[in-house]
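J.: What follows is my_file-v4.cif; its format and atoms are mmCIF, C-alpha atoms.
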```cif
data_start
loop_
_atom_site.label_atom_id
_atom_site.label_comp_id
_atom_site.auth_asym_id
_atom_site.auth_seq_id
_atom_site.Cartn_x
_atom_site.Cartn_y
_atom_site.Cartn_z
CA MET A 9 106.64 95.22 130.29
CA SER A 10 107.14 92.52 132.91
CA ALA A 11 108.96 89.26 133.33
CA PRO A 12 108.64 86.25 135.62
CA ARG A 13 111.18 85.20 138.14
CA THR A 14 113.12 82.07 137.28
CA GLY A 15 112.85 80.43 140.69
CA ALA A 16 110.38 79.95 143.50
CA PRO A 17 112.13 81.30 146.61
CA GLY A 18 111.33 80.25 150.13
CA PRO A 19 109.21 82.36 152.48
CA ALA A 20 112.13 84.31 153.93
CA GLY A 21 113.78 84.76 150.57
CA GLY A 22 110.48 85.72 148.97
CA ALA A 23 109.85 88.41 151.58
CA ALA A 24 113.36 89.78 151.12
CA GLU A 25 112.96 89.86 147.36
CA ARG A 26 109.59 91.60 147.59
CA GLU A 27 111.10 94.25 149.87
CA SER A 28 113.94 94.65 147.38
CA VAL A 29 111.44 95.18 144.55
CA ARG A 30 109.52 97.75 146.59
CA ALA A 31 112.74 99.57 147.48
CA ARG A 32 113.62 99.85 143.78
CA GLY A 33 110.09 100.95 142.90
CA LEU A 34 110.76 104.66 143.20
CA ASP A 35 113.88 104.47 141.04
CA LEU A 36 111.98 102.59 138.36
CA GLU A 37 109.08 105.03 138.65
CA LEU A 38 111.36 107.97 137.95
CA GLY A 39 113.59 106.33 135.38
CA SER A 40 111.22 104.27 133.23
CA SER A 41 107.61 103.80 132.15
CA THR A 42 106.87 101.48 135.09
CA GLN A 43 105.79 102.53 138.56
CA THR A 44 104.79 100.95 141.86
CA SER A 45 101.17 99.89 142.25
CA HIS A 46 100.52 101.10 145.83
CA ARG A 47 98.47 104.16 144.95
CA LEU A 48 96.57 102.28 142.25
CA LEU A 49 95.66 99.60 144.81
CA ALA A 50 94.50 102.20 147.35
CA TYR A 51 92.32 103.86 144.71
CA SER A 52 90.88 100.50 143.60
CA ASP A 53 90.13 99.40 147.18
CA ALA A 54 88.33 102.68 147.91
CA LEU A 55 86.31 102.47 144.70
CA LEU A 56 85.32 98.83 145.20
CA SER A 57 84.30 99.39 148.82
CA ILE A 58 82.07 102.30 147.77
CA ILE A 59 80.44 100.31 144.95
CA ALA A 60 79.85 97.31 147.20
CA THR A 61 78.22 99.51 149.84
CA VAL A 62 76.02 101.91 147.88
CA MET A 63 74.06 98.98 146.48
CA ILE A 64 72.09 98.93 149.74
CA LEU A 65 70.52 102.31 148.92
CA PRO A 66 67.70 100.97 146.67
CA VAL A 67 66.85 98.49 149.44
CA ALA A 68 66.99 101.03 152.27
CA HIS A 69 64.90 103.57 150.33
CA THR A 70 62.04 101.16 149.65
CA LYS A 71 58.97 103.05 150.80
CA ILE A 72 56.71 101.16 153.20
CA HIS A 73 53.45 102.75 154.33
CA PRO A 74 53.15 102.94 158.13
CA ASP A 75 49.76 101.21 158.00
CA GLN A 76 51.14 98.33 155.94
CA LYS A 77 52.42 95.31 157.82
CA LEU A 78 56.18 94.95 157.62
CA GLY A 79 55.99 91.18 157.24
CA GLU A 80 54.04 91.48 154.00
CA SER A 81 56.28 94.31 152.83
CA VAL A 82 59.42 92.25 153.41
CA GLN A 83 57.90 89.39 151.48
CA GLN A 84 56.65 91.51 148.58
CA LEU A 85 59.15 94.38 148.31
CA LEU A 86 62.31 93.80 150.32
CA LEU A 87 63.07 90.10 150.01
CA ALA A 88 63.91 90.12 146.29
CA LYS A 89 65.93 93.35 146.63
CA ILE A 90 67.87 92.00 149.61
CA ALA A 91 68.66 88.78 147.75
CA VAL A 92 69.90 90.71 144.70
CA TYR A 93 71.91 93.04 146.98
CA LEU A 94 73.66 90.13 148.67
CA MET A 95 74.38 88.45 145.33
CA THR A 96 75.74 91.68 143.85
CA PHE A 97 77.80 92.40 146.98
CA LEU A 98 79.38 88.97 146.70
CA ILE A 99 80.07 89.54 142.98
CA VAL A 100 81.85 92.82 143.74
CA THR A 101 83.86 91.29 146.58
CA VAL A 102 84.82 88.34 144.37
CA ALA A 103 86.07 90.89 141.81
CA TRP A 104 87.98 92.59 144.63
CA ALA A 105 89.49 89.27 145.80
CA ALA A 106 90.58 88.52 142.23
CA HIS A 107 92.11 92.01 142.08
CA VAL A 108 94.00 91.30 145.31
CA ARG A 109 95.31 88.01 143.94
CA LEU A 110 96.30 89.63 140.67
CA PHE A 111 98.31 92.40 142.30
CA GLN A 112 100.00 89.91 144.62
CA VAL A 113 101.58 88.69 141.38
CA ILE A 114 102.18 92.16 139.90
CA GLU A 115 104.69 94.35 141.71
CA LEU A 116 105.11 97.12 139.13
CA ILE A 117 102.70 98.53 136.55
CA ASP A 118 102.92 100.55 133.39
CA ASP A 119 100.41 102.77 131.60
CA VAL A 120 98.71 99.85 129.82
CA LEU A 121 97.99 97.99 133.04
CA ALA A 122 96.86 101.18 134.79
CA LEU A 123 94.40 102.00 132.00
CA LEU A 124 93.09 98.43 131.87
CA ASN A 125 92.56 98.55 135.62
CA LEU A 126 90.59 101.80 135.23
CA ALA A 127 88.45 100.17 132.52
CA CYS A 128 87.73 97.30 134.92
CA MET A 129 86.81 99.77 137.68
CA MET A 130 84.51 101.63 135.27
CA ILE A 131 82.55 98.46 134.54
CA ILE A 132 82.36 97.62 138.24
CA THR A 133 80.94 101.09 138.97
CA PHE A 134 78.19 100.32 136.44
CA LEU A 135 77.01 97.35 138.51
CA PRO A 136 74.71 99.42 140.82
CA TYR A 137 72.68 100.47 137.77
CA THR A 138 72.23 96.86 136.68
CA PHE A 139 71.27 96.02 140.25
CA SER A 140 68.60 98.74 140.22
CA LEU A 141 67.18 97.35 136.96
CA MET A 142 67.09 93.83 138.36
CA ALA A 143 65.41 94.95 141.59
CA SER A 144 62.87 97.26 139.90
CA PHE A 145 61.98 94.93 137.00
CA PRO A 146 62.54 91.36 138.25
CA GLU A 147 60.27 89.93 135.55
CA VAL A 148 62.29 91.51 132.69
CA PRO A 149 65.47 89.53 131.85
CA PHE A 150 67.36 92.52 130.41
CA GLY A 151 68.66 93.62 133.82
CA ILE A 152 70.03 90.13 134.53
CA PHE A 153 71.55 90.02 131.04
CA LEU A 154 73.26 93.41 131.51
CA PHE A 155 74.56 92.38 134.93
CA SER A 156 75.90 89.09 133.53
CA VAL A 157 77.66 90.89 130.67
CA CYS A 158 79.37 93.24 133.14
CA ALA A 159 80.45 90.31 135.33
CA VAL A 160 81.86 88.41 132.33
CA VAL A 161 83.76 91.46 131.04
CA ILE A 162 85.24 92.09 134.50
CA GLY A 163 86.37 88.48 134.67
CA LEU A 164 87.86 88.62 131.20
CA ILE A 165 89.82 91.78 131.94
CA GLN A 166 91.15 90.53 135.26
CA SER A 167 91.73 86.87 134.51
CA TYR A 168 92.70 86.82 130.84
CA VAL A 169 93.74 90.24 129.52
CA LEU A 170 95.78 91.41 132.52
CA LEU A 171 97.37 88.05 133.30
CA GLY A 172 97.98 87.52 129.59
CA LEU A 173 99.80 90.83 129.37
CA VAL A 174 101.70 90.14 132.57
CA ILE A 175 102.72 86.53 131.93
CA VAL A 176 102.57 85.84 128.17
CA PHE A 177 103.76 89.21 126.88
CA PRO A 178 106.97 89.29 129.01
CA HIS A 179 108.02 85.86 127.69
CA LEU A 180 107.34 87.06 124.16
CA THR A 181 109.35 90.23 124.85
CA ARG A 182 112.24 88.20 126.25
CA PHE A 183 112.20 85.93 123.19
CA ILE A 184 112.31 88.94 120.84
CA THR A 185 115.12 90.47 122.93
CA TRP A 186 117.03 87.19 122.86
CA CYS A 187 116.70 87.06 119.07
CA LYS A 188 117.79 90.70 118.85
CA THR A 189 120.80 89.95 121.08
CA LYS A 190 121.85 87.02 118.90
CA ILE A 191 121.55 89.08 115.73
CA VAL A 192 122.77 92.54 116.84
CA GLY A 193 124.81 91.87 119.93
CA GLN A 194 124.70 92.37 123.71
CA ARG A 195 121.68 94.36 124.87
CA ASP A 196 121.92 97.41 127.08
CA GLU A 197 122.36 96.74 130.81
CA GLU A 198 119.79 99.39 131.80
CA GLU A 199 117.21 97.76 129.51
CA THR A 200 117.87 94.43 131.22
CA HIS A 201 117.31 95.97 134.63
CA HIS A 202 114.01 97.59 133.64
CA SER A 203 112.63 94.57 131.83
CA LEU A 204 112.97 92.29 134.86
CA GLU A 205 111.82 92.41 138.48
CA THR A 206 108.38 93.79 137.62
CA PHE A 207 106.32 91.03 139.15
CA THR A 208 106.70 88.01 141.41
CA PHE A 209 104.98 84.66 141.15
CA TYR A 210 103.44 84.11 144.59
CA LEU A 211 99.98 82.79 143.77
CA SER A 212 100.00 80.53 146.84
CA GLU A 213 100.28 83.47 149.22
CA PRO A 214 97.38 84.23 151.58
CA LEU A 215 95.26 87.33 151.09
CA SER A 216 97.08 90.57 151.74
CA LYS A 217 96.14 91.59 155.28
CA GLU A 218 96.70 95.25 154.46
CA ARG A 219 94.24 95.17 151.53
CA VAL A 220 91.66 93.25 153.57
CA GLU A 221 91.87 95.98 156.22
CA ALA A 222 91.73 98.78 153.63
CA PHE A 223 88.67 97.32 151.89
CA SER A 224 86.92 96.68 155.22
CA ASP A 225 87.67 100.19 156.49
CA GLY A 226 86.21 101.58 153.27
CA VAL A 227 82.96 99.62 153.73
CA TYR A 228 82.60 100.71 157.37
CA ALA A 229 83.32 104.34 156.48
CA ILE A 230 80.85 104.45 153.59
CA VAL A 231 78.09 102.75 155.60
CA ALA A 232 78.56 105.21 158.45
CA THR A 233 78.44 108.10 155.98
CA LEU A 234 75.30 106.86 154.19
CA LEU A 235 73.32 107.23 157.41
CA ILE A 236 73.51 111.03 157.31
CA LEU A 237 71.98 111.21 153.82
CA ASP A 238 68.50 110.45 155.10
CA ILE A 239 68.93 112.91 157.97
CA CYS A 240 69.84 115.71 155.54
CA GLU A 241 67.12 114.77 153.07
CA ASP A 242 64.09 113.89 155.20
CA ASN A 243 64.64 115.60 158.55
CA VAL A 244 65.06 119.26 157.63
CA PRO A 245 61.75 121.06 158.32
CA ASP A 246 60.16 123.34 155.75
CA PRO A 247 60.63 127.03 156.72
CA ARG A 248 56.97 127.79 155.90
CA GLU A 249 55.79 124.93 158.13
CA VAL A 250 58.04 126.10 160.95
CA LYS A 251 56.61 129.59 160.70
CA GLU A 252 52.94 128.59 160.47
CA LYS A 253 52.70 125.42 162.56
CA PHE A 254 55.39 126.03 165.19
CA HIS A 255 55.25 129.85 165.29
CA GLY A 256 58.86 130.20 164.16
CA SER A 257 60.29 127.83 166.81
CA LEU A 258 62.89 125.67 165.07
CA LEU A 259 63.62 123.62 168.20
CA GLU A 260 59.97 122.68 168.53
CA ALA A 261 59.87 121.65 164.88
CA LEU A 262 63.04 119.56 165.25
CA SER A 263 61.62 117.80 168.31
CA GLU A 264 59.26 115.90 166.00
CA TYR A 265 62.29 114.24 164.39
CA GLY A 266 63.65 113.07 167.75
CA PRO A 267 63.20 109.32 167.02
CA ASN A 268 65.03 109.75 163.70
CA TYR A 269 68.01 111.38 165.41
CA LEU A 270 68.03 108.66 168.07
CA ALA A 271 68.00 105.97 165.38
CA TYR A 272 70.83 107.73 163.52
CA PHE A 273 73.13 108.02 166.55
CA GLY A 274 72.31 104.47 167.63
CA SER A 275 73.11 103.10 164.17
CA PHE A 276 76.32 105.14 163.93
CA VAL A 277 77.46 103.85 167.33
CA THR A 278 76.69 100.28 166.22
CA ILE A 279 78.76 100.68 163.04
CA GLY A 280 81.59 102.38 164.92
CA LEU A 281 81.76 99.69 167.60
CA LEU A 282 81.65 96.88 165.03
CA TRP A 283 84.56 98.59 163.25
CA PHE A 284 86.34 98.84 166.61
CA VAL A 285 85.90 95.09 167.12
CA HIS A 286 87.13 94.42 163.57
CA HIS A 287 90.15 96.66 164.17
CA SER A 288 90.95 94.92 167.46
CA LEU A 289 90.66 91.51 165.78
CA PHE A 290 92.98 92.28 162.86
CA LEU A 291 95.42 93.96 165.23
CA TYR A 292 96.34 90.43 166.37
CA VAL A 293 95.92 88.71 162.98
CA THR A 294 99.27 88.13 161.31
CA LYS A 295 98.01 86.36 158.18
CA ALA A 296 94.54 86.30 156.55
CA THR A 297 93.61 82.91 155.10
CA ARG A 298 91.07 82.43 152.32
CA LEU A 299 88.40 81.21 154.75
CA MET A 300 88.98 84.24 156.97
CA GLY A 301 88.62 86.46 153.90
CA LEU A 302 85.32 84.79 152.97
CA LEU A 303 83.96 85.21 156.51
CA ASN A 304 85.06 88.85 156.46
CA ILE A 305 83.15 89.40 153.20
CA LEU A 306 80.00 87.86 154.72
CA SER A 307 80.34 90.11 157.76
CA LEU A 308 80.76 93.18 155.53
CA ALA A 309 77.66 92.17 153.54
CA PHE A 310 75.56 92.47 156.71
CA ILE A 311 77.40 95.64 157.72
CA GLY A 312 76.20 97.07 154.41
CA GLY A 313 72.64 96.24 155.48
CA LEU A 314 72.78 98.52 158.52
CA PRO A 315 71.37 101.54 156.58
CA LEU A 316 68.27 99.40 156.00
CA ALA A 317 68.08 98.77 159.74
CA TYR A 318 68.38 102.50 160.39
CA GLN A 319 65.69 103.27 157.82
CA LEU A 320 63.28 100.80 159.41
CA THR A 321 63.88 101.84 163.02
CA SER A 322 63.61 105.55 162.19
CA GLU A 323 60.49 105.14 160.05
CA PHE A 324 58.63 103.02 162.56
CA ALA A 325 59.98 104.49 165.78
CA GLU A 326 56.51 105.44 166.93
CA LYS A 327 54.13 102.66 167.92
CA SER A 328 52.75 100.94 164.85
CA HIS A 329 52.25 97.49 163.39
CA ASN A 330 55.87 97.41 162.28
CA GLU A 331 57.64 98.47 165.46
CA ILE A 332 58.61 95.01 166.72
CA GLU A 333 59.44 93.67 163.25
CA ALA A 334 61.71 96.62 162.44
CA ILE A 335 63.64 96.20 165.69
CA GLN A 336 63.97 92.46 165.15
CA VAL A 337 65.30 93.01 161.62
CA SER A 338 67.94 95.37 163.08
CA CYS A 339 68.89 92.77 165.70
CA VAL A 340 69.23 90.04 163.06
CA ILE A 341 71.46 92.21 160.83
CA THR A 342 73.67 93.18 163.79
CA PHE A 343 73.84 89.56 164.98
CA PHE A 344 75.05 88.18 161.66
CA ALA A 345 77.51 91.06 161.11
CA SER A 346 79.09 90.34 164.51
CA ILE A 347 78.86 86.53 164.51
CA PHE A 348 80.89 86.37 161.31
CA GLN A 349 83.54 88.49 163.05
CA PHE A 350 83.56 85.93 165.85
CA ALA A 351 83.86 83.18 163.21
CA ILE A 352 86.96 84.91 161.76
CA TRP A 353 88.64 84.72 165.16
CA THR A 354 87.55 81.09 165.68
CA THR A 355 88.96 80.17 162.26
CA ALA A 356 92.21 81.94 163.09
CA LEU A 357 92.48 79.92 166.32
CA LEU A 358 92.48 76.68 164.29
CA HIS A 359 95.85 77.70 162.82
CA GLU A 360 96.88 80.12 165.55
CA ARG A 361 100.62 79.67 165.13
CA GLU A 362 100.39 80.96 161.56
CA THR A 363 97.53 83.47 161.82
CA LEU A 364 97.55 85.01 165.32
CA HIS A 365 99.93 86.99 167.48
CA PRO A 366 101.02 85.01 170.60
CA PHE A 367 99.04 87.37 172.86
CA ALA A 368 95.74 86.34 171.22
CA ARG A 369 96.42 82.60 171.06
CA TYR A 370 94.88 80.15 173.49
CA GLY A 371 96.45 80.88 176.88
CA GLY A 372 97.74 84.30 175.79
CA LYS A 373 97.15 87.31 177.99
CA GLU A 374 94.66 88.87 175.51
CA HIS A 375 92.83 85.65 174.61
CA ALA A 376 89.99 85.95 177.14
CA PHE A 377 89.56 89.68 176.47
CA MET A 378 89.32 89.11 172.70
CA PHE A 379 86.78 86.34 173.28
CA ALA A 380 84.62 88.67 175.40
CA LYS A 381 84.97 91.58 172.95
CA LEU A 382 83.97 89.48 169.94
CA ALA A 383 81.14 87.70 171.77
CA LEU A 384 79.53 90.86 173.20
CA TYR A 385 77.55 92.01 170.17
CA PRO A 386 76.25 88.55 169.13
CA CYS A 387 75.03 87.86 172.68
CA VAL A 388 73.44 91.27 173.18
CA SER A 389 71.71 91.39 169.78
CA LEU A 390 70.40 87.85 170.18
CA GLY A 391 69.19 88.62 173.72
CA THR A 392 67.48 91.80 172.53
CA PHE A 393 65.74 89.85 169.76
CA PHE A 394 64.23 87.34 172.18
CA LEU A 395 63.35 90.02 174.75
CA THR A 396 61.38 91.94 172.13
CA CYS A 397 59.53 88.72 171.33
CA LEU A 398 58.63 88.12 174.98
CA LEU A 399 58.07 91.76 176.03
CA SER A 400 56.62 93.27 172.88
CA GLU A 401 55.14 96.27 174.72
CA PHE A 402 58.62 97.45 175.74
CA SER A 403 60.43 96.58 172.50
CA THR A 404 61.47 100.18 171.71
CA ALA A 405 62.73 100.80 175.25
CA ILE A 406 64.68 97.51 175.25
CA PHE A 407 66.28 98.32 171.89
CA HIS A 408 67.34 101.84 172.90
CA VAL A 409 68.67 100.63 176.26
CA MET A 410 70.77 98.08 174.38
CA GLN A 411 72.20 100.79 172.13
CA ILE A 412 73.05 102.97 175.16
CA VAL A 413 74.51 100.20 177.34
CA ILE A 414 76.84 98.57 174.79
CA PRO A 415 79.38 101.47 174.53
CA PHE A 416 79.73 101.50 178.33
CA ALA A 417 80.01 97.70 178.31
CA PHE A 418 82.98 97.97 175.93
CA LEU A 419 84.61 100.53 178.22
CA ALA A 420 84.20 98.29 181.28
CA LEU A 421 84.79 95.00 179.45
CA ARG A 422 88.42 94.58 180.48
CA ILE A 423 87.48 95.10 184.13
CA PHE A 424 84.67 92.53 183.85
CA VAL A 425 87.02 90.03 182.20
CA ARG A 426 89.63 90.46 184.92
CA ILE A 427 87.01 90.00 187.64
CA ALA A 428 85.63 86.90 185.89
CA LEU A 429 89.12 85.41 185.49
CA ALA A 430 89.91 86.13 189.16
CA LEU A 431 86.69 84.41 190.24
CA ILE A 432 87.41 81.41 188.03
CA LYS A 433 90.95 81.15 189.40
CA SER A 434 89.72 81.40 193.01
CA VAL A 435 87.08 78.70 192.42
CA MET A 436 89.61 76.43 190.74
CA SER A 437 92.19 76.99 193.48
CA PHE A 438 89.56 76.29 196.15
CA SER A 439 88.58 73.05 194.42
CA ARG A 440 92.24 72.05 194.13
CA ARG A 441 92.81 72.72 197.84
CA LYS A 442 89.77 70.62 198.66
CA VAL A 443 91.08 67.74 196.57
CA VAL A 444 94.51 68.03 198.21
CA VAL A 445 92.94 67.95 201.70
CA LEU A 446 90.93 64.84 200.82
CA GLU A 447 94.06 63.13 199.45
CA GLU A 448 96.00 64.00 202.63
CA GLU A 449 93.18 62.64 204.81
CA GLU A 450 93.14 59.41 202.82
CA ALA A 451 96.93 59.16 203.12
CA CYS A 452 96.77 59.59 206.91
CA LEU A 453 94.26 56.76 207.31
CA SER A 454 95.61 53.26 207.99
CA PRO A 455 94.91 50.48 205.47
CA THR A 456 92.45 48.86 207.97
CA GLU A 457 90.51 52.13 208.37
CA THR A 458 90.48 52.63 204.64
CA LEU A 459 89.01 49.13 204.05
CA SER A 460 86.39 49.63 206.79
#
```
Re-express the file's structure as structure tokens.
T.:
Amino acid sequence: MSAPRTGAPGPAGGAAERESVRARGLDLELGSSTQTSHRLLAYSDALLSIIATVMILPVAHTKIHPDQKLGESVQQLLLAKIAVYLMTFLIVTVAWAAHVRLFQVIELIDDVLALLNLACMMIITFLPYTFSLMASFPEVPFGIFLFSVCAVVIGLIQSYVLLGLVIVFPHLTRFITWCKTKIVGQRDEEETHHSLETFTFYLSEPLSKERVEAFSDGVYAIVATLLILDICEDNVPDPREVKEKFHGSLLEALSEYGPNYLAYFGSFVTIGLLWFVHHSLFLYVTKATRLMGLLNILSLAFIGGLPLAYQLTSEFAEKSHNEIEAIQVSCVITFFASIFQFAIWTTALLHERETLHPFARYGGKEHAFMFAKLALYPCVSLGTFFLTCLLSEFSTAIFHVMQIVIPFAFLALRIFVRIALALIKSVMSFSRRKVVVLEEEEACLSPTETLS
């Protein structure tokens, strides 16, 4: 089924060999029982991103009465669900990271590996149900037990069964073939070709940048799509109510849902711009380290919480006890989702020669622009949080102004950065000229005048 390579090639040789394996993938796919794993990986990334994201739905759909204080509700209803959501999100992303590592070793798959991978995906898709049991019945240990069983089975399939089949079974197959060759004679050349070159042993490689981007894009896409579910479910007026209460005027009936539409578009813009920042960041990332992958997972965990922010801001858009708290929760979620993106870039700068394109490195022509782009959302969300604390009467207006201004700030950001850099250069050049003038004046003075 698969066989290990006999040597550990260098980086250049390893890349050339991997390209050679990929180039032969189609021939093997048509001429044997093995095939390339690209489509299987795309399917797995899409499935895992969906499962990791939909777990926010039980949290976002927690019903809070408008007359009930949000602080008590968070403590009694949301806090446990949010904690379980974050834990489950991390479990799913750990399973995804293990899947990435596994298929950095495996280059080609056969039917057995494909079916085992589907079994692993099936168990992972069952995790949201265990999460719902844990969140709904925290005092009953059965939900935790079921969740733990699923996690253990996933680990066994990925770590033991698959790697056992990929590493142990090929050596066993080669031993049997060797014995057969000694007894019967020389084995067929085509059989030799198909039994080798099916996986490479590059466990020390960094995370695949392409799979990190694919998984992240899936999370952003699913979160953006989840927002419309509540619009379709809760914001379509009843035809009888439109006829009796609004005299058949649909526009007048829809006007009552205005705050919900505003919250939806604001949340969608926030998700879209955070994806835009993520895309811009990984455009200049050449290699994703393990720490960068962990920070990306933490950022995606808070991205997954944005439907909760939308639910709170749409439910308490009108003035109530929960207005300020709902807006502050949205600011906190946005802040942490964006600050972890900034942390990815900061971590990449520590090893910039290996992880970043020269344009984004310190002193590169895009360095200052990337700094401003990544720092915009953390600064604005943190500023909005403190402004709503100081000016509580205008919290809704401040929050909506922030949502409206940020897209235009991104459009004008490059101009602002160029103006700021020009001002800094002019100030620095002026200070240098001043220092040069002072040095020339001191040089023109005689030693007696200098001493006096």
J.: Which residues, named as in the file, does the PyMOL selection byres ((chain A and resi 307) around 7) pick out? Answer as a list in words.
T.: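 Listing what the PyMOL selection byres ((chain A and resi 307) around 7) selects in the shown file: Leu303, Asn304, Ile305, Leu306, Leu308, Ala309, Phe310, Ile311, Phe344, Ala345, Ser346, Phe348 and Gln349 of chain A.
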J.: Given the choices A:Leu262, A:Tyr292, A:His286, A:Gln336, which gets closest to A:Phe350 if the distance is worked out from only C-alpha atoms?
T.: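 Closest to A:Phe350 of all the choices is A:His286.
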J.: Which of these residues is nearest to A:Phe155, using all atoms listed in the file: A:Leu215, A:Ala428, A:Val92, A:Cys128?
T.: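 Of A:Leu215, A:Ala428, A:Val92, A:Cys128, the one nearest A:Phe155, counting all atoms listed in the file, is A:Val92.
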J.: Rounded to one decimal in Å, what is the spacing between atom CA of A:Ala105 and atom CA of A:His46?
T.: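 Calculated distance between atom CA of A:Ala105 and atom CA of A:His46 is 16.2 Å.
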J.: Point out the residue among A:Val192, A:Leu135, A:Leu235, A:Ile352 with the least atom-to-atom distance to A:Leu316, counting only C-alpha atoms.
T.: A:Leu235
J.: If I take atom CA of A:Tyr228 and atom CA of A:Leu124, how far is one from the other in Å, to one decimal?
T.: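 We find that atom CA of A:Tyr228 and atom CA of A:Leu124 lie 27.7 Å from each other.
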J.: Work out how far atom CA of A:Leu55 is from atom CA of A:Ala122, in Å to one decimal.
T.: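 These two atoms are separated by 14.5 Å.
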J.: Hey, which of A:Ala317, A:Cys339, A:Val220, A:Ala261 ends up closest to A:Ile64? Count all atoms listed in the file.
T.: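 Closest candidate: A:Ala317.
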J.: Do a neighbour search on A:Pro415 at 10 Å with all atoms listed in the file, toss out local chain neighbours closer than 5 positions, and write the hits as a ChimeraX atom specification.
T.: /A:277-278,280-281,410,420-421
J.: So for stretch 117-127 of chain A, what box centre and size do we get, axis-aligned, 4 Å extra on each of the six sides, every listed atom, Å to one decimal, as JSON?
T.:
```
{"center_x": 95.7, "center_y": 100.4, "center_z": 133.2, "size_x": 22.5, "size_y": 12.8, "size_z": 14.7}
```
J.: Just want the 12 Å neighbourhood of A:Val100, counted on all atoms listed in the file, with same-chain residues fewer than 6 positions away dropped. Output as a short mmCIF file (atom, residue, chain, number, x, y, z; two decimals) with C-alpha atoms, keeping the file's coordinate frame.
T.:
```cif
data_model
loop_
_atom_site.label_atom_id
_atom_site.label_comp_id
_atom_site.auth_asym_id
_atom_site.auth_seq_id
_atom_site.Cartn_x
_atom_site.Cartn_y
_atom_site.Cartn_z
CA SER A 52 90.88 100.50 143.60
CA ASP A 53 90.13 99.40 147.18
CA LEU A 55 86.31 102.47 144.70
CA LEU A 56 85.32 98.83 145.20
CA SER A 57 84.30 99.39 148.82
CA ILE A 58 82.07 102.30 147.77
CA ILE A 59 80.44 100.31 144.95
CA ALA A 60 79.85 97.31 147.20
CA THR A 61 78.22 99.51 149.84
CA VAL A 62 76.02 101.91 147.88
CA MET A 63 74.06 98.98 146.48
CA TYR A 93 71.91 93.04 146.98
CA LEU A 94 73.66 90.13 148.67
CA ALA A 106 90.58 88.52 142.23
CA HIS A 107 92.11 92.01 142.08
CA CYS A 128 87.73 97.30 134.92
CA MET A 129 86.81 99.77 137.68
CA ILE A 131 82.55 98.46 134.54
CA ILE A 132 82.36 97.62 138.24
CA THR A 133 80.94 101.09 138.97
CA PHE A 134 78.19 100.32 136.44
CA LEU A 135 77.01 97.35 138.51
CA PRO A 136 74.71 99.42 140.82
CA PHE A 139 71.27 96.02 140.25
CA PHE A 155 74.56 92.38 134.93
CA CYS A 158 79.37 93.24 133.14
CA ALA A 159 80.45 90.31 135.33
CA ILE A 162 85.24 92.09 134.50
CA GLY A 163 86.37 88.48 134.67
CA PHE A 223 88.67 97.32 151.89
CA ILE A 305 83.15 89.40 153.20
CA LEU A 308 80.76 93.18 155.53
CA ALA A 309 77.66 92.17 153.54
#
```
J.: Given the file shown, enumerate the residues that the PyMOL selection byres ((chain A and resi 244) around 12) captures and present them as an MDAnalysis selection string.
T.: chainID A and resid 236:243 245:250 258:259 261:266 268:269
J.: Which residues fall under the PyMOL selection byres ((chain A and resi 372-386) around 7) in this file, as a PyMOL selection string?
T.: chain A and resi 285+343+346-347+349-350+366-371+387-390+422+425
J.: Store the residues of this selection in a file with C-alpha atoms, as a short mmCIF file (atom, residue, chain, number, x, y, z; two decimals), in the coordinates of the input.
T.:
```cif
data_model
loop_
_atom_site.label_atom_id
_atom_site.label_comp_id
_atom_site.auth_asym_id
_atom_site.auth_seq_id
_atom_site.Cartn_x
_atom_site.Cartn_y
_atom_site.Cartn_z
CA VAL A 285 85.90 95.09 167.12
CA PHE A 343 73.84 89.56 164.98
CA SER A 346 79.09 90.34 164.51
CA ILE A 347 78.86 86.53 164.51
CA GLN A 349 83.54 88.49 163.05
CA PHE A 350 83.56 85.93 165.85
CA PRO A 366 101.02 85.01 170.60
CA PHE A 367 99.04 87.37 172.86
CA ALA A 368 95.74 86.34 171.22
CA ARG A 369 96.42 82.60 171.06
CA TYR A 370 94.88 80.15 173.49
CA GLY A 371 96.45 80.88 176.88
CA CYS A 387 75.03 87.86 172.68
CA VAL A 388 73.44 91.27 173.18
CA SER A 389 71.71 91.39 169.78
CA LEU A 390 70.40 87.85 170.18
CA ARG A 422 88.42 94.58 180.48
CA VAL A 425 87.02 90.03 182.20
#
```
J.: Measuring atom to atom with only C-alpha atoms, identify which of A:Thr392, A:Thr404, A:Gln166, A:Ser224 is nearest to A:His287.
T.: A:Ser224
J.: Kindly indicate which residue among A:Leu154, A:Leu141, A:Ile412, A:Val293 lies nearest to A:Ser275, using all atoms listed in the file for the distances.
T.: A:Ile412
